[in-house]
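A.B. asks: Just one file: entry_23.cif, with mmCIF, C-alpha atoms and all ligand atoms.
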data_input
#
loop_
_atom_site.label_atom_id
_atom_site.label_comp_id
_atom_site.auth_asym_id
_atom_site.auth_seq_id
_atom_site.Cartn_x
_atom_site.Cartn_y
_atom_site.Cartn_z
CA MET A 85 111.41 133.82 122.11
CA ASN A 86 110.23 133.68 118.50
CA ASP A 87 108.11 130.82 117.14
CA LEU A 88 111.07 128.77 115.89
CA ASP A 89 112.83 129.09 119.27
CA LEU A 90 109.65 127.95 121.01
CA LEU A 91 109.47 124.88 118.75
CA ARG A 92 113.10 124.01 119.44
CA SER A 93 112.90 124.54 123.18
CA GLY A 94 109.56 122.69 123.22
CA GLY A 95 111.20 119.59 121.71
CA VAL A 96 109.04 119.33 118.57
CA VAL A 97 110.41 116.95 115.95
CA GLY A 98 108.77 115.05 113.10
CA GLY A 99 106.62 112.43 114.79
CA GLY A 100 105.95 110.41 111.67
CA GLY A 101 109.47 109.63 110.56
CA ALA A 102 113.09 110.20 111.38
CA GLY A 103 112.56 113.02 113.88
CA PHE A 104 113.61 116.03 111.83
CA PRO A 105 113.49 119.11 114.09
CA LEU A 106 110.41 121.15 113.18
CA TRP A 107 112.04 124.55 113.80
CA LYS A 108 114.54 123.74 111.06
CA LYS A 109 111.88 122.51 108.65
CA LEU A 110 109.87 125.70 109.15
CA SER A 111 112.93 127.94 108.69
CA ALA A 112 112.30 128.16 104.93
CA PRO A 113 109.19 129.74 103.38
CA ALA A 114 106.84 127.60 101.26
CA GLU A 115 103.69 128.05 99.24
CA TYR A 116 101.71 125.26 100.91
CA LEU A 117 101.71 123.70 104.36
CA LEU A 118 100.48 120.10 104.06
CA ILE A 119 99.36 118.15 107.10
CA ASN A 120 99.95 114.45 106.60
CA GLY A 121 96.88 112.74 108.03
CA ALA A 122 97.19 109.62 105.89
CA GLU A 123 98.43 107.43 108.74
CA CYS A 124 100.36 105.70 106.00
CA GLU A 125 101.11 102.38 107.65
CA PRO A 126 98.32 99.81 107.97
CA LEU A 127 97.12 98.99 111.53
CA LEU A 128 98.25 102.31 113.07
CA LYS A 129 95.39 104.40 114.48
CA SER A 130 97.00 107.14 116.57
CA ASP A 131 96.71 109.97 114.01
CA GLN A 132 93.13 108.98 113.18
CA TYR A 133 92.36 109.12 116.89
CA LEU A 134 93.97 112.58 117.18
CA MET A 135 92.09 113.97 114.16
CA GLN A 136 88.81 112.70 115.58
CA ARG A 137 89.52 113.90 119.13
CA TYR A 138 91.20 117.27 118.47
CA PRO A 139 89.85 118.62 115.14
CA SER A 140 89.75 122.32 116.14
CA GLU A 141 93.26 122.18 117.61
CA LEU A 142 94.56 120.54 114.44
CA LEU A 143 93.00 123.20 112.23
CA LYS A 144 94.44 125.98 114.39
CA ALA A 145 97.83 124.28 114.36
CA ALA A 146 97.75 123.96 110.56
CA SER A 147 96.93 127.64 110.09
CA ARG A 148 99.52 128.76 112.65
CA LEU A 149 102.30 126.68 111.07
CA ALA A 150 101.29 127.92 107.62
CA SER A 151 101.68 131.50 108.86
CA ILE A 152 105.21 130.76 110.12
CA ILE A 153 106.35 129.70 106.63
CA HIS A 154 104.25 132.41 104.89
CA ALA A 155 102.20 129.75 103.07
CA SER A 156 99.09 130.82 101.17
CA GLU A 157 97.07 128.00 102.72
CA ALA A 158 97.25 124.81 104.75
CA ILE A 159 95.87 121.53 103.41
CA ILE A 160 94.98 118.64 105.71
CA CYS A 161 95.39 115.45 103.69
CA LEU A 162 93.55 112.37 104.94
CA LYS A 163 92.22 109.19 103.36
CA ASP A 164 88.78 109.24 101.79
CA HIS A 165 87.51 106.45 104.04
CA TYR A 166 88.30 108.29 107.30
CA ILE A 167 84.64 109.26 107.60
CA PRO A 168 84.47 110.23 111.33
CA GLN A 169 87.64 112.31 110.98
CA ILE A 170 86.34 114.04 107.82
CA HIS A 171 83.09 114.88 109.63
CA ALA A 172 84.87 116.16 112.73
CA LEU A 173 87.23 118.39 110.75
CA THR A 174 84.51 119.67 108.41
CA GLU A 175 82.31 120.57 111.38
CA ALA A 176 85.16 122.34 113.16
CA LEU A 177 86.09 124.22 109.98
CA GLN A 178 82.63 125.77 109.92
CA THR A 179 83.11 127.27 113.39
CA LEU A 180 86.56 128.76 112.83
CA SER A 181 87.81 131.71 110.85
CA LEU A 182 91.45 131.00 110.04
CA THR A 183 94.11 132.99 108.21
CA PRO A 184 95.88 131.47 106.34
CA SER A 185 92.92 129.32 105.41
CA VAL A 186 92.77 125.57 105.87
CA ARG A 187 91.05 123.02 103.65
CA LEU A 188 90.82 119.24 103.45
CA HIS A 189 92.15 117.07 100.65
CA LEU A 190 90.93 113.48 100.41
CA LEU A 191 93.50 110.88 99.44
CA PRO A 192 92.82 107.51 97.81
CA THR A 193 93.01 104.56 100.19
CA VAL A 194 96.21 103.10 98.79
CA TYR A 195 99.59 102.31 100.31
CA PRO A 196 101.89 104.25 100.70
CA ILE A 197 99.86 107.42 100.11
CA GLY A 198 101.39 108.84 103.32
CA ASP A 199 104.80 108.84 101.63
CA GLU A 200 105.39 112.57 101.48
CA GLN A 201 106.08 112.58 97.75
CA ALA A 202 102.94 110.58 96.91
CA LEU A 203 100.86 112.74 99.25
CA LEU A 204 102.25 115.97 97.79
CA HIS A 205 101.53 114.77 94.26
CA SER A 206 97.95 113.89 95.18
CA ALA A 207 97.31 117.21 96.99
CA THR A 208 99.00 119.63 94.57
CA GLY A 209 99.60 117.76 91.30
CA ARG A 210 103.32 118.59 91.66
CA THR A 211 106.10 116.01 91.58
CA VAL A 212 109.21 116.23 93.72
CA PRO A 213 112.25 115.51 91.52
CA PRO A 214 114.21 112.35 92.38
CA GLY A 215 116.54 112.90 95.32
CA ALA A 216 114.98 116.30 96.18
CA LEU A 217 112.82 117.44 99.10
CA PRO A 218 109.22 118.80 99.13
CA GLY A 219 110.59 122.33 99.59
CA SER A 220 111.90 122.16 96.01
CA VAL A 221 108.29 122.37 94.77
CA GLY A 222 107.07 124.88 97.35
CA CYS A 223 105.65 122.52 100.01
CA THR A 224 106.33 121.75 103.65
CA ILE A 225 104.80 118.58 105.12
CA VAL A 226 104.08 118.03 108.82
CA SER A 227 102.37 115.04 110.44
CA VAL A 228 99.22 115.29 112.58
CA SER A 229 100.97 114.52 115.87
CA THR A 230 103.78 116.95 115.06
CA ALA A 231 101.32 119.76 114.27
CA LEU A 232 99.46 119.22 117.56
CA ASN A 233 102.73 119.09 119.49
CA ALA A 234 103.76 122.32 117.76
CA LEU A 235 100.59 124.13 118.81
CA ARG A 236 101.21 123.13 122.42
CA ALA A 237 104.89 124.12 122.24
CA LEU A 238 103.93 127.54 120.87
CA GLU A 239 101.83 127.90 124.03
CA GLY A 240 104.87 126.99 126.15
CA LYS A 241 104.00 123.30 126.72
CA PRO A 242 106.81 120.92 125.69
CA VAL A 243 106.50 117.43 124.20
CA THR A 244 106.26 114.87 127.00
CA ARG A 245 103.74 112.34 125.63
CA ARG A 246 103.36 110.19 122.54
CA PHE A 247 100.20 108.47 121.29
CA VAL A 248 101.17 104.90 120.40
CA THR A 249 99.10 102.17 118.73
CA VAL A 250 99.65 98.76 120.31
CA ALA A 251 98.40 95.99 118.02
CA GLY A 252 98.79 92.34 117.10
CA GLU A 253 98.98 89.41 119.51
CA VAL A 254 98.32 91.42 122.67
CA LYS A 255 95.41 91.21 125.07
CA HIS A 256 94.19 94.83 124.80
CA PRO A 257 95.16 96.38 121.47
CA GLY A 258 94.42 100.10 121.25
CA VAL A 259 95.84 103.61 121.33
CA TYR A 260 97.89 104.50 124.41
CA CYS A 261 98.99 107.93 125.62
CA VAL A 262 102.50 107.20 126.86
CA PRO A 263 105.15 109.31 128.64
CA ILE A 264 108.28 109.64 126.49
CA GLY A 265 110.93 107.20 127.68
CA PHE A 266 108.49 104.56 128.97
CA PRO A 267 109.90 101.06 128.36
CA VAL A 268 108.13 99.15 125.56
CA ARG A 269 108.23 96.02 127.73
CA LEU A 270 106.11 97.79 130.39
CA LEU A 271 103.80 99.25 127.74
CA LEU A 272 103.01 95.70 126.60
CA GLU A 273 102.23 94.77 130.21
CA GLN A 274 99.79 97.71 130.41
CA ALA A 275 98.18 96.39 127.21
CA GLY A 276 97.51 93.09 128.99
CA GLY A 277 100.66 91.40 127.71
CA PRO A 278 101.28 89.21 124.66
CA VAL A 279 98.83 86.34 124.22
CA ILE A 280 101.40 84.02 122.62
CA GLN A 281 104.74 82.69 123.85
CA ASP A 282 107.03 82.96 120.84
CA TYR A 283 106.76 86.46 119.43
CA ARG A 284 108.68 89.35 117.92
CA LEU A 285 108.05 93.07 118.05
CA ILE A 286 107.83 95.53 115.20
CA LEU A 287 108.47 99.12 116.29
CA GLY A 288 106.32 101.27 113.99
CA GLY A 289 104.05 100.04 111.22
CA PRO A 290 104.05 96.55 109.71
CA MET A 291 105.45 97.62 106.31
CA MET A 292 108.39 99.78 107.37
CA GLY A 293 108.92 99.31 111.10
CA PRO A 294 112.14 97.59 112.23
CA LEU A 295 112.01 94.20 113.93
CA ALA A 296 112.97 94.17 117.61
CA SER A 297 113.66 91.40 120.05
CA PRO A 298 111.22 91.20 123.00
CA ASP A 299 114.30 91.22 125.27
CA ALA A 300 115.78 94.47 123.90
CA GLU A 301 115.49 97.57 126.09
CA ASN A 302 113.43 99.76 123.74
CA VAL A 303 111.55 102.81 124.97
CA VAL A 304 108.78 105.00 123.58
CA THR A 305 110.33 108.00 121.84
CA ARG A 306 108.92 111.09 120.13
CA THR A 307 109.01 109.20 116.81
CA LEU A 308 107.48 105.85 117.80
CA GLY A 309 103.93 105.54 116.45
CA GLY A 310 103.23 101.85 116.99
CA VAL A 311 104.25 98.57 118.61
CA LEU A 312 103.14 95.34 116.91
CA VAL A 313 103.35 91.92 118.51
CA LEU A 314 103.66 89.19 115.88
CA PRO A 315 104.22 85.43 116.00
CA ALA A 316 107.86 84.50 115.33
CA SER A 317 106.60 82.51 112.33
CA HIS A 318 104.75 85.47 110.76
CA THR A 319 105.56 86.30 107.14
CA LEU A 320 106.82 89.81 108.10
CA VAL A 321 109.21 88.32 110.64
CA ARG A 322 110.47 85.71 108.18
CA HIS A 323 111.17 88.38 105.57
CA ALA A 324 113.02 90.57 108.07
CA GLU A 325 115.09 87.74 109.55
CA LEU A 326 116.20 86.11 106.29
CA PRO A 327 120.04 86.20 106.12
CA MET A 328 121.28 88.29 103.16
CA GLU A 329 123.35 85.41 101.76
CA GLN A 330 120.20 83.33 101.58
CA ALA A 331 118.42 86.27 99.93
CA ARG A 332 121.20 86.33 97.32
CA THR A 333 120.91 82.59 96.65
CA ARG A 334 117.17 82.99 96.19
CA ALA A 335 117.62 86.04 93.94
CA LYS A 336 120.04 84.07 91.76
CA SER A 337 117.91 81.00 91.44
CA VAL A 338 114.31 82.26 91.62
CA CYS A 339 114.08 85.86 90.35
CA ILE A 340 112.39 85.60 86.96
CA GLN A 341 113.01 89.28 86.10
CA CYS A 342 109.28 89.78 85.62
CA ARG A 343 109.81 93.43 86.80
CA THR A 344 106.54 93.50 88.78
CA CYS A 345 108.57 94.99 91.65
CA THR A 346 109.49 97.91 89.39
CA ASP A 347 106.07 98.30 87.79
CA LEU A 348 104.33 98.62 91.20
CA CYS A 349 107.02 100.68 92.96
CA PRO A 350 105.30 103.90 94.19
CA ARG A 351 108.33 106.06 93.37
CA HIS A 352 108.53 104.52 89.87
CA LEU A 353 104.84 105.37 89.45
CA LEU A 354 105.70 109.04 90.09
CA GLY A 355 108.27 109.00 87.29
CA HIS A 356 111.40 108.44 89.39
CA PRO A 357 114.00 106.30 87.57
CA ILE A 358 114.07 103.46 90.13
CA TYR A 359 114.29 99.82 88.99
CA PRO A 360 114.31 97.22 91.78
CA HIS A 361 114.36 94.34 89.25
CA LEU A 362 117.72 95.66 88.02
CA THR A 363 118.95 95.92 91.60
CA MET A 364 117.99 92.26 92.06
CA ARG A 365 119.96 91.35 88.96
CA ALA A 366 123.01 93.32 90.15
CA PHE A 367 122.76 91.78 93.62
CA ALA A 368 122.47 88.24 92.25
CA SER A 369 125.59 88.73 90.12
CA GLY A 370 127.36 89.90 93.30
CA ASN A 371 129.84 92.21 91.59
CA ARG A 372 128.15 95.51 90.88
CA LEU A 373 125.79 98.10 92.41
CA GLU A 374 122.61 99.52 90.87
CA ALA A 375 122.68 103.30 91.39
CA SER A 376 118.89 103.74 91.29
CA ALA A 377 118.68 101.93 94.65
CA MET A 378 119.51 105.37 96.11
CA LEU A 379 115.95 106.43 95.28
CA CYS A 380 114.29 103.72 97.37
CA MET A 381 112.24 104.94 100.37
CA GLU A 382 111.89 101.38 101.67
CA CYS A 383 108.10 101.18 101.62
CA GLY A 384 108.13 97.40 101.11
CA ILE A 385 105.61 97.25 98.25
CA CYS A 386 108.05 95.40 95.98
CA GLU A 387 108.83 92.79 98.62
CA LEU A 388 105.63 92.30 100.60
CA TYR A 389 103.03 92.98 97.89
CA ALA A 390 104.42 92.82 94.35
CA CYS A 391 106.92 89.99 94.00
CA PRO A 392 105.17 86.78 92.89
CA MET A 393 108.16 84.71 94.04
CA GLY A 394 108.30 85.98 97.64
CA LEU A 395 111.77 87.49 97.18
CA ASN A 396 113.37 90.41 99.04
CA PRO A 397 113.88 93.35 96.66
CA ARG A 398 113.35 95.92 99.45
CA ARG A 399 116.10 94.44 101.62
CA VAL A 400 118.35 94.23 98.58
CA GLN A 401 117.63 97.90 97.82
CA GLN A 402 118.53 98.79 101.42
CA GLN A 403 121.77 96.87 101.21
CA GLN A 404 122.78 98.37 97.87
CA LYS A 405 121.84 101.87 99.02
CA ALA A 406 124.10 101.49 102.06
CA ALA A 407 126.94 100.20 99.85
CA LEU A 408 126.53 103.13 97.44
CA ARG A 409 126.61 105.61 100.32
CA SER A 410 129.72 104.13 101.87
CA ALA A 411 131.37 104.22 98.42
CA GLY A 412 130.62 107.98 98.36
CA GLU A 413 128.41 107.70 95.25
CA LYS A 414 126.23 110.74 94.52
CA PRO A 415 124.43 109.95 91.28
CA VAL A 416 122.16 112.56 89.68
CA PHE A 417 118.73 111.46 88.42
CA GLN A 418 116.25 112.98 86.01
CA LEU A 419 112.48 112.88 86.48
CA LYS A 420 110.71 110.91 83.71
CA ASP A 421 107.13 110.77 82.55
CA PRO A 422 105.13 108.55 84.92
CA PRO A 423 104.10 105.17 83.48
CA ALA A 424 100.77 105.02 81.62
CA LEU A 425 97.82 104.20 83.92
CA ALA A 426 100.01 104.76 86.99
CA GLU A 427 97.04 105.52 89.22
CA TYR A 428 95.54 102.07 88.50
CA LEU A 429 98.76 100.38 89.60
CA GLN A 430 98.65 101.76 93.15
CA ALA A 431 98.19 99.16 95.89
CA PRO A 432 94.80 99.28 97.69
CA SER A 433 95.44 99.36 101.46
CA GLY A 434 93.04 96.48 102.15
CA ARG A 435 94.82 94.21 99.70
CA VAL A 436 98.19 95.12 101.18
CA LEU A 437 96.91 94.26 104.65
CA ALA A 438 95.57 90.90 103.40
CA ARG A 439 98.81 90.15 101.52
CA ILE A 440 100.94 90.64 104.64
CA GLN A 441 98.53 88.46 106.64
CA ALA A 442 97.73 91.24 109.09
CA ALA A 443 94.04 91.97 108.42
CA CYS A 444 93.17 90.00 111.58
CA TYR A 445 95.05 92.62 113.65
CA ASP A 446 93.15 95.64 112.32
CA ILE A 447 91.19 97.39 115.10
CA PRO A 448 88.64 100.24 114.94
CA VAL A 449 89.79 103.69 115.99
CA PRO A 450 89.07 103.83 119.75
CA ASP A 451 86.97 106.60 121.34
CA THR A 452 89.55 107.13 124.06
CA ALA A 453 93.26 106.60 124.40
CA THR A 454 94.43 104.74 127.49
CA GLU A 455 96.59 106.95 129.72
CA VAL A 456 99.73 105.20 130.86
CA SER A 457 101.16 106.20 134.23
CA ALA A 458 104.85 105.46 134.45
CA PRO A 459 106.84 104.56 137.58
CA LEU A 460 110.05 105.04 135.60
CA VAL A 461 111.19 106.49 132.28
CA CYS A 462 114.49 106.23 130.39
CA ILE A 463 114.65 109.29 128.14
CA PRO A 464 117.21 109.35 125.30
CA LEU A 465 118.90 112.73 124.77
CA LYS A 466 118.82 112.06 121.03
CA GLN A 467 115.41 111.31 119.55
CA HIS A 468 115.93 113.36 116.42
CA ILE A 469 118.14 113.87 113.40
CA GLY A 470 121.18 115.95 114.34
CA VAL A 471 123.29 116.06 117.48
CA PRO A 472 122.21 114.89 120.95
CA ALA A 473 120.99 117.39 123.53
CA SER A 474 123.40 118.03 126.43
CA PRO A 475 122.10 117.00 129.85
CA CYS A 476 121.26 119.94 132.11
CA VAL A 477 120.29 117.88 135.17
CA ALA A 478 122.32 115.58 137.43
CA ALA A 479 121.62 112.41 139.41
CA GLY A 480 119.59 113.27 142.50
CA ASP A 481 117.83 116.30 140.97
CA ARG A 482 114.06 116.51 141.41
CA VAL A 483 112.20 117.31 138.19
CA GLN A 484 108.64 118.22 137.26
CA ARG A 485 106.94 116.99 134.11
CA GLY A 486 107.95 119.38 131.31
CA ASP A 487 111.25 120.52 132.88
CA THR A 488 114.10 120.71 130.38
CA ILE A 489 116.59 117.88 131.00
CA GLY A 490 118.57 118.13 127.73
CA ARG A 491 119.42 121.37 125.96
CA MET A 492 120.62 122.08 122.43
CA ALA A 493 123.46 124.48 121.72
CA ASP A 494 122.34 127.58 119.78
CA GLY A 495 121.95 126.81 116.07
CA ALA A 496 122.75 123.05 116.44
CA LEU A 497 120.41 120.67 114.63
CA GLY A 498 118.13 119.04 117.21
CA ALA A 499 115.53 119.87 119.84
CA ASP A 500 115.48 120.14 123.64
CA VAL A 501 114.43 117.13 125.72
CA HIS A 502 112.08 117.23 128.72
CA ALA A 503 111.12 115.21 131.77
CA SER A 504 107.98 113.26 130.93
CA ILE A 505 107.07 112.49 134.56
CA CYS A 506 107.60 114.14 137.95
CA GLY A 507 110.32 112.40 139.91
CA THR A 508 114.01 112.10 140.71
CA VAL A 509 116.83 111.74 138.21
CA VAL A 510 118.40 108.40 139.11
CA LYS A 511 121.26 108.39 136.63
CA ILE A 512 122.46 109.69 133.27
CA GLU A 513 124.23 106.99 131.31
CA ASN A 514 124.98 106.40 127.63
CA GLY A 515 122.94 109.42 126.60
CA ILE A 516 119.85 108.33 128.57
CA VAL A 517 118.32 110.15 131.52
CA VAL A 518 116.58 107.76 133.94
CA ILE A 519 113.83 109.29 136.10
CA CYS A 520 111.92 107.48 138.87
CA ALA A 521 108.48 108.77 139.84
CA GLN A 522 108.02 110.42 143.21
CA PRO A 523 106.47 108.20 145.85
S1 LIG A 601 108.99 90.92 91.20
FE1 LIG A 601 110.28 89.37 92.16
S2 LIG A 601 110.66 87.87 90.57
FE2 LIG A 601 109.89 89.70 89.54
S3 LIG A 601 111.76 90.86 89.01
FE3 LIG A 601 111.10 91.60 90.98
S4 LIG A 601 112.24 90.38 92.47
FE4 LIG A 601 112.36 89.30 90.51
S1 LIG A 602 110.82 99.46 98.82
FE1 LIG A 602 110.52 98.69 96.75
S2 LIG A 602 108.57 99.53 96.13
FE2 LIG A 602 109.26 100.77 97.88
S3 LIG A 602 110.41 102.48 97.03
FE3 LIG A 602 111.88 100.86 97.42
S4 LIG A 602 112.02 99.76 95.49
FE4 LIG A 602 110.15 100.96 95.40
#
Translate this structure into structure tokens?

C.D. replies:
Amino acid sequence: MNDLDLLRSGGVVGGGGAGFPLWKKLSAPAEYLLINGAECEPLLKSDQYLMQRYPSELLKAASRLASIIHASEAIICLKDHYIPQIHALTEALQTLSLTPSVRLHLLPTVYPIGDEQALLHSATGRTVPPGALPGSVGCTIVSVSTALNALRALEGKPVTRRFVTVAGEVKHPGVYCVPIGFPVRLLLEQAGGPVIQDYRLILGGPMMGPLASPDAENVVTRTLGGVLVLPASHTLVRHAELPMEQARTRAKSVCIQCRTCTDLCPRHLLGHPIYPHLTMRAFASGNRLEASAMLCMECGICELYACPMGLNPRRVQQQQKAALRSAGEKPVFQLKDPPALAEYLQAPSGRVLARIQAACYDIPVPDTATEVSAPLVCIPLKQHIGVPASPCVAAGDRVQRGDTIGRMADGALGADVHASICGTVVKIENGIVVICAQP
């Protein structure tokens, strides 16, 4: 098997986002391989933990992935206040001789510097044109957890675990090492359980993670980096649960068209022609769409940090973007000069955390991650962009951790899926393989 086949059969997909299969991403050559160590979302600590715990492995992974895409060097990008991680990586760098070479790039502590376009701009000075991908300017970006998973897969060890930050109103917040497919409900129990009665879950980070009901049957997947437990009355929950008709009424009556949402939008600061204040105006009028909503990456700065009136420009952007897509619109955009003093308009991470009333949930990076042992896992055959894997086990089969349970057809977009515990396949239903641990 070549390297790309090993990555596909090892189940490596982007761990920091939508689950894009890594073998596909590395199929094209690039000048730079960037490792995204920004841990973009506030409160999440898993990547910081991994950089601190496995610095040599991360450096080797970065160099190895850079060689696959014929990059001249690999750059590990991490925030300038990640002092223990910077020390660990710098120390490890001195003991290794790597080709292609690896170096560190320190990012400002602003949100969302982990957005791949903001990170790429900071590390290389290049700007990805609106609507394009990092490959268009010679870069490939891979997250910390993905790079470490890739190194293991290249050694024949598939992805069966995910490091997940559990934070918020829970007894033992921390970083947990969790078998893929473990129910979120049981993960909360292992974290001591919620300490309040009326709560909601956010799956991912506080700025971009979707809201989930505590009763929903969610499981840990290869792309889940965090679980937050928040009071039902929390400002993030109220924003997410506001009905769109109410958002429209508020936009009509309260939006003062101050354009702060546009002025502080991170993509606008890069020179992308995106104007959330115009989207708000179009939404309030109810009869037209604002094409620039297509450029929104839904970071939440406009809604949770910028707007002085507490309105919902991010949700309006999401709604208009969906409407534009279903209307088949494919507008073309031109990159503009970035606004003057753009770097001074970036949002400091600490102020973002305070603005969303979540500073009280910030925890230090732990020295160890808590291992979760699972009596049962429910593993989706689709945890990635593309088509689902086809099951290659049946009810009653005994499996070992790491055995392939879902296989991709040759050339199809996706990645194989593996048993994350030893046990017996109980059933395969609705694209989910349920495995019970051996007694
Ligand atoms: S910041 Fe708020 S009030 Fe100002 S234009 Fe944007 S949505 Fe309207
Ligand atoms: S969510 Fe708001 S701030 Fe973020 S990219 Fe979209 S419009 Fe810009």

A.B. asks: What's around region 379-382 of chain A at 8 Å? Count all atoms listed in the file, leave out sequence neighbours fewer than 4 positions away in its own chain, and write the answer as a ChimeraX atom specification.

C.D. replies: /A:214-215,292,351,356-358,398,401-402,405

A.B. asks: For the selection just defined, write its residues with C-alpha atoms to a file, as a PDB file, in the coordinates of the input.

C.D. replies:
ATOM      1  CA  PRO A 214     114.210 112.350  92.380  1.00  0.00           C
ATOM      2  CA  GLY A 215     116.540 112.900  95.320  1.00  0.00           C
ATOM      3  CA  MET A 292     108.390  99.780 107.370  1.00  0.00           C
ATOM      4  CA  ARG A 351     108.330 106.060  93.370  1.00  0.00           C
ATOM      5  CA  HIS A 356     111.400 108.440  89.390  1.00  0.00           C
ATOM      6  CA  PRO A 357     114.000 106.300  87.570  1.00  0.00           C
ATOM      7  CA  ILE A 358     114.070 103.460  90.130  1.00  0.00           C
ATOM      8  CA  ARG A 398     113.350  95.920  99.450  1.00  0.00           C
ATOM      9  CA  GLN A 401     117.630  97.900  97.820  1.00  0.00           C
ATOM     10  CA  GLN A 402     118.530  98.790 101.420  1.00  0.00           C
ATOM     11  CA  LYS A 405     121.840 101.870  99.020  1.00  0.00           C
TER      12      LYS A 405
END

A.B. asks: Which residue, A:Lys336, A:Arg284, A:Arg306, A:Arg482, has the smallest gap to Gly98 (chain A) when you use only C-alpha atoms?

C.D. replies: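 Selected residue with least distance to Gly98 (chain A): A:Arg306.
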
A.B. asks: Closest to Ala335 (chain A) among A:Ala234, A:Leu272, A:Met393, A:Ala158, using all atoms listed in the file?

C.D. replies: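 Comparing A:Ala234, A:Leu272, A:Met393, A:Ala158 against Ala335 (chain A), the winner is A:Met393.
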
A.B. asks: Distance table requested - chain A against ligand LIG 602 (chain A), cut-off 10 Å, all atoms listed in the file: one row per qualifying residue with the closest atom pair and its distance in Å to one decimal, ordered by chain and rising residue number, as a Markdown table.

C.D. replies:
| residue | atom | partner | partner_atom | distance |
| --- | --- | --- | --- | --- |
| A:Pro196 | CA | A:LIG602 | FE2 | 8.6 |
| A:Asp199 | CA | A:LIG602 | S3 | 9.6 |
| A:Met291 | CA | A:LIG602 | S1 | 9.4 |
| A:Met292 | CA | A:LIG602 | S1 | 8.9 |
| A:Thr344 | CA | A:LIG602 | S2 | 9.7 |
| A:Cys345 | CA | A:LIG602 | S2 | 6.4 |
| A:Thr346 | CA | A:LIG602 | FE4 | 6.8 |
| A:Asp347 | CA | A:LIG602 | S2 | 8.8 |
| A:Leu348 | CA | A:LIG602 | S2 | 6.6 |
| A:Cys349 | CA | A:LIG602 | S2 | 3.7 |
| A:Pro350 | CA | A:LIG602 | S2 | 5.8 |
| A:Arg351 | CA | A:LIG602 | S3 | 5.5 |
| A:His352 | CA | A:LIG602 | FE4 | 6.8 |
| A:Leu353 | CA | A:LIG602 | FE4 | 9.1 |
| A:His356 | CA | A:LIG602 | FE4 | 9.7 |
| A:Ile358 | CA | A:LIG602 | S4 | 6.8 |
| A:Tyr359 | CA | A:LIG602 | S4 | 6.9 |
| A:Pro360 | CA | A:LIG602 | S4 | 5.0 |
| A:His361 | CA | A:LIG602 | S4 | 8.6 |
| A:Thr363 | CA | A:LIG602 | S4 | 8.8 |
| A:Ser376 | CA | A:LIG602 | S4 | 9.0 |
| A:Ala377 | CA | A:LIG602 | S4 | 7.1 |
| A:Met378 | CA | A:LIG602 | FE3 | 9.0 |
| A:Leu379 | CA | A:LIG602 | S3 | 7.0 |
| A:Cys380 | CA | A:LIG602 | FE3 | 3.7 |
| A:Met381 | CA | A:LIG602 | S3 | 4.5 |
| A:Glu382 | CA | A:LIG602 | S1 | 3.6 |
| A:Cys383 | CA | A:LIG602 | FE2 | 3.9 |
| A:Gly384 | CA | A:LIG602 | S1 | 4.1 |
| A:Ile385 | CA | A:LIG602 | S2 | 4.3 |
| A:Cys386 | CA | A:LIG602 | S2 | 4.2 |
| A:Glu387 | CA | A:LIG602 | FE1 | 6.4 |
| A:Leu388 | CA | A:LIG602 | FE1 | 8.9 |
| A:Tyr389 | CA | A:LIG602 | S2 | 8.8 |
| A:Ala390 | CA | A:LIG602 | S2 | 8.1 |
| A:Cys391 | CA | A:LIG602 | FE1 | 9.8 |
| A:Asn396 | CA | A:LIG602 | FE1 | 9.1 |
| A:Pro397 | CA | A:LIG602 | FE1 | 6.3 |
| A:Arg398 | CA | A:LIG602 | S1 | 4.4 |
| A:Arg399 | CA | A:LIG602 | S1 | 7.8 |
| A:Val400 | CA | A:LIG602 | S4 | 9.0 |
| A:Gln401 | CA | A:LIG602 | S4 | 6.4 |
| A:Gln402 | CA | A:LIG602 | FE3 | 8.0 |

A.B. asks: Interatomic distance between CA of Val259 (chain A) and CA of Ala453 (chain A)?

C.D. replies: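 Between these atoms lies a distance of 5.0 Å.
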
A.B. asks: How big is the axis-aligned box around the listed atoms of ligand LIG 601 (chain A) once 6 Å is added on each side, and where is its centre? Give both in Å to one decimal, as AutoDock Vina command-line options.

C.D. replies:
--center_x 110.7 --center_y 89.7 --center_z 90.7 --size_x 15.4 --size_y 15.7 --size_z 15.5

A.B. asks: Which polymer residues have any atom within 12 Å of an atom of Val456 (chain A), counting all atoms listed in the file, with same-chain residues fewer than 6 positions away left out, as a PyMOL selection string?

C.D. replies: chain A and resi 245-248+259-268+270-275+304+504-505

A.B. asks: Here is a test: counting only C-alpha atoms, which residue of A:Gly99, A:Val449, A:Leu465, A:Gln403 is nearest to Val477 (chain A)?

C.D. replies: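 Between A:Gly99, A:Val449, A:Leu465, A:Gln403, the residue approaching Val477 (chain A) most closely is A:Leu465.
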
A.B. asks: What is the CA of Gln522 (chain A)-CA of Val483 (chain A) distance in Å, reported with one decimal?

C.D. replies: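 It comes out at 9.5 Å.
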
A.B. asks: Using all atoms listed in the file for the distances, tell me which of A:Ile447, A:Leu425, A:Cys339, A:Cys476 is nearest to ligand LIG 601 (chain A).

C.D. replies: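 Distance minimum relative to ligand LIG 601 (chain A) lands on A:Cys339.
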
A.B. asks: Extract, using all atoms listed in the file, all DNA, RNA and protein residues at most 6 Å from Ala114 (chain A), discarding same-chain residues fewer than 3 positions from it, and format them as a VMD selection string.

C.D. replies: chain A and resid 153 155 222 to 223

A.B. asks: Using C-alpha atoms, can you write the selected residues to a file as an mmCIF file, in the frame of the given file?

C.D. replies:
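The resulting out.cif:
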data_model
loop_
_atom_site.group_PDB
_atom_site.id
_atom_site.type_symbol
_atom_site.label_atom_id
_atom_site.label_comp_id
_atom_site.auth_asym_id
_atom_site.auth_seq_id
_atom_site.Cartn_x
_atom_site.Cartn_y
_atom_site.Cartn_z
ATOM 1 C CA ILE A 153 106.350 129.700 106.630
ATOM 2 C CA ALA A 155 102.200 129.750 103.070
ATOM 3 C CA GLY A 222 107.070 124.880 97.350
ATOM 4 C CA CYS A 223 105.650 122.520 100.010
#
